[in-house]
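Enquirer: Provided herewith: upload-v3.cif, mmCIF, C-alpha atoms and all ligand atoms.
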data_my_file
loop_
_atom_site.group_PDB
_atom_site.id
_atom_site.type_symbol
_atom_site.label_atom_id
_atom_site.label_comp_id
_atom_site.auth_asym_id
_atom_site.auth_seq_id
_atom_site.Cartn_x
_atom_site.Cartn_y
_atom_site.Cartn_z
ATOM 1 C CA MET M 1491 0.739 -1.265 6.591
ATOM 2 C CA ASN M 1492 4.183 -1.504 5.106
ATOM 3 C CA SER M 1493 7.027 -2.900 7.131
ATOM 4 C CA TYR M 1494 10.377 -1.280 6.530
ATOM 5 C CA MET M 1495 13.059 -3.581 7.828
ATOM 6 C CA ASP M 1496 15.369 -0.927 9.186
ATOM 7 C CA GLU M 1497 15.899 -0.652 12.917
ATOM 8 C CA GLU M 1498 17.062 2.955 12.900
ATOM 9 C CA PHE M 1499 14.106 4.042 10.784
ATOM 10 C CA GLU M 1500 11.737 2.200 13.104
ATOM 11 C CA SER M 1501 13.255 3.853 16.169
ATOM 12 C CA ILE M 1502 13.003 7.358 14.662
ATOM 13 C CA ILE M 1503 9.328 6.965 13.813
ATOM 14 C CA SER M 1504 8.205 5.022 16.898
ATOM 15 C CA PRO M 1505 7.193 8.082 19.016
ATOM 16 C CA ILE M 1506 4.917 9.205 16.182
ATOM 17 C CA LEU M 1507 3.386 5.748 15.798
ATOM 18 C CA GLU M 1508 2.383 5.849 19.471
ATOM 19 C CA ILE M 1509 -0.014 8.734 18.853
ATOM 20 C CA ASP M 1510 -3.598 7.513 18.545
ATOM 21 C CA GLU M 1511 -4.663 10.421 16.374
ATOM 22 C CA PHE M 1512 -1.844 9.737 13.915
ATOM 23 C CA ASN M 1513 -2.934 6.109 13.675
ATOM 24 C CA GLN M 1514 -6.349 7.299 12.500
ATOM 25 C CA LEU M 1515 -4.644 7.972 9.159
ATOM 26 C CA LYS M 1516 -4.856 4.206 8.622
ATOM 27 C CA TYR M 1517 -8.577 4.657 7.946
ATOM 28 C CA ILE M 1518 -8.318 7.437 5.375
ATOM 29 C CA THR M 1519 -7.910 6.740 1.677
ATOM 30 C CA HIS M 1520 -5.150 8.689 -0.013
ATOM 31 C CA HIS M 1521 -3.853 8.059 -3.548
ATOM 32 C CA GLY M 1522 -5.759 4.758 -3.544
ATOM 33 C CA ILE M 1523 -3.987 3.451 -0.416
ATOM 34 C CA THR M 1524 -4.164 4.788 3.139
ATOM 35 C CA ARG M 1525 -2.767 8.132 4.170
ATOM 36 C CA PHE M 1526 -0.789 6.257 6.800
ATOM 37 C CA ASP M 1527 0.906 4.029 4.209
ATOM 38 C CA HIS M 1528 1.589 6.988 1.924
ATOM 39 C CA SER M 1529 3.179 8.891 4.825
ATOM 40 C CA MET M 1530 5.297 5.882 5.745
ATOM 41 C CA ARG M 1531 6.528 5.586 2.166
ATOM 42 C CA VAL M 1532 7.496 9.273 1.957
ATOM 43 C CA ALA M 1533 9.189 9.030 5.359
ATOM 44 C CA TYR M 1534 11.187 5.977 4.345
ATOM 45 C CA PHE M 1535 12.288 7.459 1.017
ATOM 46 C CA SER M 1536 13.271 10.669 2.820
ATOM 47 C CA TYR M 1537 15.178 8.719 5.450
ATOM 48 C CA LYS M 1538 17.160 6.796 2.836
ATOM 49 C CA VAL M 1539 17.948 9.774 0.616
ATOM 50 C CA CYS M 1540 18.837 12.207 3.416
ATOM 51 C CA LYS M 1541 20.958 9.626 5.210
ATOM 52 C CA ALA M 1542 22.862 8.915 1.989
ATOM 53 C CA LEU M 1543 23.442 12.653 1.536
ATOM 54 C CA HIS M 1544 24.589 13.108 5.176
ATOM 55 C CA LEU M 1545 21.770 15.522 5.935
ATOM 56 C CA ASN M 1546 19.821 15.688 9.198
ATOM 57 C CA TYR M 1547 17.839 12.584 8.347
ATOM 58 C CA LYS M 1548 16.230 12.122 11.772
ATOM 59 C CA GLU M 1549 14.585 15.531 11.642
ATOM 60 C CA VAL M 1550 13.591 14.996 8.022
ATOM 61 C CA THR M 1551 12.160 11.521 8.610
ATOM 62 C CA GLU M 1552 9.914 12.798 11.407
ATOM 63 C CA ALA M 1553 8.666 15.718 9.339
ATOM 64 C CA ALA M 1554 8.135 13.520 6.287
ATOM 65 C CA LEU M 1555 6.015 11.123 8.328
ATOM 66 C CA LEU M 1556 3.942 14.046 9.597
ATOM 67 C CA HIS M 1557 3.627 15.865 6.261
ATOM 68 C CA ASP M 1558 0.018 14.745 5.588
ATOM 69 C CA PHE M 1559 -1.209 14.628 9.194
ATOM 70 C CA PHE M 1560 -4.639 16.083 8.438
ATOM 71 C CA PHE M 1561 -8.185 14.769 8.465
ATOM 72 C CA HIS M 1562 -11.471 16.362 7.502
ATOM 73 C CA GLU M 1563 -10.439 19.959 8.120
ATOM 74 C CA VAL M 1564 -10.303 20.630 4.391
ATOM 75 C CA GLU M 1565 -13.589 19.047 3.354
ATOM 76 C CA HIS M 1566 -15.414 22.331 3.025
ATOM 77 C CA GLU M 1567 -12.818 23.583 0.549
ATOM 78 C CA SER M 1568 -12.516 23.255 -3.215
ATOM 79 C CA LYS M 1569 -10.046 20.733 -4.605
ATOM 80 C CA THR M 1570 -7.462 23.474 -5.087
ATOM 81 C CA GLY M 1571 -8.135 24.770 -1.591
ATOM 82 C CA ARG M 1572 -7.550 21.317 -0.158
ATOM 83 C CA LEU M 1573 -4.278 20.946 -2.028
ATOM 84 C CA ARG M 1574 -3.081 24.343 -0.869
ATOM 85 C CA HIS M 1575 -4.231 24.301 2.737
ATOM 86 C CA HIS M 1576 -3.734 20.764 4.008
ATOM 87 C CA PRO M 1577 -0.026 21.355 4.808
ATOM 88 C CA ASP M 1578 -1.040 24.080 7.297
ATOM 89 C CA TYR M 1579 -3.413 21.664 9.027
ATOM 90 C CA ALA M 1580 -0.659 19.060 9.135
ATOM 91 C CA VAL M 1581 1.666 21.572 10.837
ATOM 92 C CA LYS M 1582 -1.089 22.423 13.307
ATOM 93 C CA ASN M 1583 -1.817 18.772 14.141
ATOM 94 C CA ALA M 1584 1.854 17.809 14.388
ATOM 95 C CA SER M 1585 2.523 20.799 16.664
ATOM 96 C CA LYS M 1586 0.018 19.452 19.188
ATOM 97 C CA TYR M 1587 2.409 16.587 19.894
ATOM 98 C CA PHE M 1588 5.903 17.773 18.973
ATOM 99 C CA ASP M 1589 8.076 20.867 19.221
ATOM 100 C CA LEU M 1590 8.802 21.080 15.529
ATOM 101 C CA THR M 1591 12.010 22.716 14.399
ATOM 102 C CA ASP M 1592 11.911 25.513 11.842
ATOM 103 C CA ARG M 1593 13.188 23.044 9.257
ATOM 104 C CA GLN M 1594 10.424 20.550 10.066
ATOM 105 C CA VAL M 1595 7.735 23.218 9.807
ATOM 106 C CA ASP M 1596 9.179 24.242 6.452
ATOM 107 C CA ILE M 1597 9.284 20.621 5.220
ATOM 108 C CA ILE M 1598 5.612 20.079 6.060
ATOM 109 C CA ARG M 1599 4.357 23.517 5.012
ATOM 110 C CA THR M 1600 6.055 23.577 1.604
ATOM 111 C CA HIS M 1601 5.667 19.952 0.551
ATOM 112 C CA MET M 1602 3.033 20.954 -2.010
ATOM 113 C CA PHE M 1603 5.177 23.609 -3.695
ATOM 114 C CA PRO M 1604 4.555 24.851 -6.418
ATOM 115 C CA VAL M 1605 0.829 24.250 -5.763
ATOM 116 C CA THR M 1606 1.432 26.328 -2.660
ATOM 117 C CA PHE M 1607 3.300 29.454 -3.609
ATOM 118 C CA THR M 1608 6.014 29.736 -0.977
ATOM 119 C CA PRO M 1609 9.123 27.794 -2.039
ATOM 120 C CA PRO M 1610 11.001 25.568 0.424
ATOM 121 C CA LYS M 1611 13.743 27.254 2.453
ATOM 122 C CA TYR M 1612 15.816 24.149 3.046
ATOM 123 C CA LEU M 1613 17.378 21.512 0.831
ATOM 124 C CA GLU M 1614 15.626 18.874 2.942
ATOM 125 C CA SER M 1615 12.267 20.475 2.159
ATOM 126 C CA TRP M 1616 12.970 20.280 -1.575
ATOM 127 C CA ILE M 1617 13.835 16.611 -1.179
ATOM 128 C CA VAL M 1618 10.631 15.740 0.686
ATOM 129 C CA ASP M 1619 8.580 17.780 -1.804
ATOM 130 C CA PHE M 1620 10.114 15.797 -4.655
ATOM 131 C CA LEU M 1621 9.832 12.404 -2.949
ATOM 132 C CA ASP M 1622 6.189 13.073 -2.070
ATOM 133 C CA ASP M 1623 5.563 13.597 -5.795
ATOM 134 C CA ILE M 1624 7.417 10.397 -6.664
ATOM 135 C CA ALA M 1625 5.378 8.480 -4.079
ATOM 136 C CA ALA M 1626 2.131 9.959 -5.410
ATOM 137 C CA VAL M 1627 2.988 8.990 -8.980
ATOM 138 C CA TYR M 1628 3.843 5.477 -7.828
ATOM 139 C CA GLU M 1629 0.729 5.092 -5.697
ATOM 140 C CA LYS M 1630 -1.693 6.491 -8.209
ATOM 141 C CA GLY M 1631 -0.363 3.941 -10.676
ATOM 142 C CA TYR M 1632 0.312 6.421 -13.405
ATOM 143 C CA CYS M 1633 1.684 4.771 -16.515
ATOM 144 C CA ILE M 1634 5.257 5.396 -15.614
ATOM 145 C CA HIS M 1635 7.566 2.510 -16.164
ATOM 146 C CA HIS M 1636 9.835 1.395 -13.317
ATOM 147 C CA GLU M 1637 12.974 2.531 -15.165
ATOM 148 C CA VAL M 1638 11.510 5.981 -15.677
ATOM 149 C CA ARG M 1639 10.783 6.237 -11.975
ATOM 150 C CA MET M 1640 14.329 5.152 -11.136
ATOM 151 C CA THR M 1641 15.704 7.680 -13.613
ATOM 152 C CA MET M 1642 13.743 10.415 -11.849
ATOM 153 C CA VAL M 1643 15.208 9.371 -8.507
ATOM 154 C CA LEU M 1644 18.753 9.268 -9.898
ATOM 155 C CA PHE M 1645 18.246 12.653 -11.524
ATOM 156 C CA MET M 1646 17.266 14.027 -8.146
ATOM 157 C CA PHE M 1647 20.447 12.626 -6.600
ATOM 158 C CA PHE M 1648 22.514 14.468 -9.201
ATOM 159 C CA VAL M 1649 20.606 17.702 -8.663
ATOM 160 C CA VAL M 1650 20.959 17.477 -4.890
ATOM 161 C CA ASN M 1651 24.667 16.727 -5.074
ATOM 162 C CA PHE M 1652 25.188 19.552 -7.514
ATOM 163 C CA VAL M 1653 23.407 21.958 -5.165
ATOM 164 C CA LYS M 1654 25.503 20.733 -2.224
ATOM 165 C CA MET M 1655 28.788 21.251 -4.080
ATOM 166 C CA ARG M 1656 28.039 24.895 -4.866
HETATM 167 FE FE FE C 1701 0.226 16.438 1.059
HETATM 168 FE FE FE C 1702 1.896 13.412 0.664
#
Kindly return the structure encoded in the file as structure tokens.
Ligand SMILES: [Fe+2]
Ligand SMILES: [Fe+2]
Expert:
Amino acid sequence: MNSYMDEEFESIISPILEIDEFNQLKYITHHGITRFDHSMRVAYFSYKVCKALHLNYKEVTEAALLHDFFFHEVEHESKTGRLRHHPDYAVKNASKYFDLTDRQVDIIRTHMFPVTFTPPKYLESWIVDFLDDIAAVYEKGYCIHHEVRMTMVLFMFFVVNFVKMR
């Protein structure tokens, strides 16, 4: 488990970390690490980026942490089916414990766009979608040099700021 030395981040995610079912993600392999650690990484990236952009980072951080809250519901499906349908299971599981806002549902449901066909409705959803991809690339150890990864992140900052200014 990663430790992110940020008190505010820790306090936002603590109600989610109290859920036993969510902690079961620590025992599931995902991108070569655990699904729990992957979710924490996406949540922390989302927290940092959305806070820097003065967006609703609390809402986003919660949704980002819950974006892959699924288990074996997709095992009967093809690989494509799993990729497309696991966000719906994550929404369903998260909804058992939290009253998700429309933005949070959108963040979770569209985080696989364009693999799933419905595009995100909110800027925050685009950000989490992008950061999930960055995290996956990092975790899968693709041959992407550190500078290239940082360039991708900076590029995203420019895109997001451009969108905000319009
Ligand atoms: Fe996912
Ligand atoms: Fe993910």
Enquirer: Suppose a student applies the PyMOL selection byres (((chain M and resi 1499-1504) around 10) and not hetatm) to this structure; what residues should they get, written as a ChimeraX atom specification?
Expert: /M:1493-1498,1505-1509,1530,1533-1534,1537-1538,1547-1549,1551-1553,1555-1556
Enquirer: With all atoms listed in the file counted and 12 Å as the cut-off, give the residues of chain M in contact with ligand FE 1701 (chain C), each with its shortest interatomic distance in Å and the pair that gives it, as a tab-separated table.
Expert:
residue	atom	partner	partner_atom	distance
M:His1520	CA	C:FE1701	FE	9.5
M:His1521	CA	C:FE1701	FE	10.4
M:Arg1525	CA	C:FE1701	FE	9.4
M:Phe1526	CA	C:FE1701	FE	11.7
M:His1528	CA	C:FE1701	FE	9.6
M:Ser1529	CA	C:FE1701	FE	8.9
M:Val1532	CA	C:FE1701	FE	10.2
M:Ala1553	CA	C:FE1701	FE	11.8
M:Ala1554	CA	C:FE1701	FE	9.9
M:Leu1555	CA	C:FE1701	FE	10.7
M:Leu1556	CA	C:FE1701	FE	9.6
M:His1557	CA	C:FE1701	FE	6.2
M:Asp1558	CA	C:FE1701	FE	4.8
M:Phe1559	CA	C:FE1701	FE	8.5
M:Phe1560	CA	C:FE1701	FE	8.8
M:Phe1561	CA	C:FE1701	FE	11.3
M:Val1564	CA	C:FE1701	FE	11.8
M:Arg1572	CA	C:FE1701	FE	9.3
M:Leu1573	CA	C:FE1701	FE	7.1
M:Arg1574	CA	C:FE1701	FE	8.8
M:His1575	CA	C:FE1701	FE	9.2
M:His1576	CA	C:FE1701	FE	6.6
M:Pro1577	CA	C:FE1701	FE	6.2
M:Asp1578	CA	C:FE1701	FE	9.9
M:Tyr1579	CA	C:FE1701	FE	10.2
M:Ala1580	CA	C:FE1701	FE	8.5
M:Val1581	CA	C:FE1701	FE	11.1
M:Ile1597	CA	C:FE1701	FE	10.8
M:Ile1598	CA	C:FE1701	FE	8.2
M:Arg1599	CA	C:FE1701	FE	9.1
M:Thr1600	CA	C:FE1701	FE	9.2
M:His1601	CA	C:FE1701	FE	6.5
M:Met1602	CA	C:FE1701	FE	6.1
M:Phe1603	CA	C:FE1701	FE	9.9
M:Val1605	CA	C:FE1701	FE	10.4
M:Thr1606	CA	C:FE1701	FE	10.6
M:Val1618	CA	C:FE1701	FE	10.4
M:Asp1619	CA	C:FE1701	FE	8.9
M:Phe1620	CA	C:FE1701	FE	11.4
M:Leu1621	CA	C:FE1701	FE	11.2
M:Asp1622	CA	C:FE1701	FE	7.5
M:Asp1623	CA	C:FE1701	FE	9.1
M:Ala1625	CA	C:FE1701	FE	10.8
M:Ala1626	CA	C:FE1701	FE	9.4
Enquirer: What's the separation between atom CA of M:Ser1536 and atom CA of M:Val1550, in Å to one decimal place?
Expert: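 So the answer is 6.8 Å.
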Enquirer: Nearest to ligand FE 1702 (chain C): which of M:Phe1645, M:Lys1630, M:Asn1583, M:Pro1610 is it, counting all atoms listed in the file?
Expert: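 Between M:Phe1645, M:Lys1630, M:Asn1583, M:Pro1610, the residue approaching ligand FE 1702 (chain C) most closely is M:Lys1630.
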Enquirer: Enclose stretch 1529-1532 of chain M, meaning all of its atoms listed in the file, in a box aligned along x, y and z, pad it by 5 Å on each side, and list the centre and edge lengths in Å to one decimal, as lines of an AutoDock Vina configuration file.
Expert:
center_x = 5.3
center_y = 7.4
center_z = 3.9
size_x = 14.3
size_y = 13.7
size_z = 13.8
Enquirer: My list of candidates is M:Asp1510, M:Val1649, M:Tyr1628, M:Leu1545. Which is closest to ligand FE 1702 (chain C) when distances are computed with all atoms listed in the file?
Expert: M:Tyr1628
Enquirer: Work out how far atom CA of M:Lys1569 is from atom CA of M:Gly1522, in Å to one decimal.
Expert: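 About the pair atom CA of M:Gly1522 and atom CA of M:Lys1569: they are 16.6 Å apart.
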Enquirer: One number please: atom CA of M:Lys1582 to atom CA of M:Glu1563, in Å, one decimal.
Expert: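 If I compute the distance from atom CA of M:Lys1582 to atom CA of M:Glu1563, I get 11.0 Å.
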Enquirer: Which one is closest to ligand FE 1702 (chain C): M:Ile1624, M:Gly1631, M:Val1539, M:Val1595? Count only C-alpha atoms and all ligand atoms.
Expert: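 Comparing M:Ile1624, M:Gly1631, M:Val1539, M:Val1595 against ligand FE 1702 (chain C), the winner is M:Ile1624.
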Enquirer: Which neighbours of M:Asp1596 fall inside 8 Å, counting all atoms listed in the file, when residues of the same chain fewer than 6 positions from it are skipped, and could you give them as a ChimeraX atom specification?
Expert: /M:1610-1612,1615
Enquirer: From the options M:Phe1648, M:Tyr1587, M:Phe1535, M:Tyr1517, which residue's atoms come nearest to ligand FE 1702 (chain C), counting all atoms listed in the file?
Expert: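 The closest residue to ligand FE 1702 (chain C) is M:Phe1535.
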Enquirer: Can you work out which one of M:Gln1514, M:Leu1590, M:His1566, M:Thr1519 has the shortest atom-to-atom distance to ligand FE 1702 (chain C), counting all atoms listed in the file?
Expert: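 Comparing M:Gln1514, M:Leu1590, M:His1566, M:Thr1519 against ligand FE 1702 (chain C), the winner is M:Thr1519.
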Enquirer: Measuring atom to atom with only C-alpha atoms and all ligand atoms, identify which of M:Ser1585, M:Lys1516, M:Gly1571, M:Thr1524 is nearest to ligand FE 1702 (chain C).
Expert: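 For ligand FE 1702 (chain C), the nearest of the candidates is M:Thr1524.
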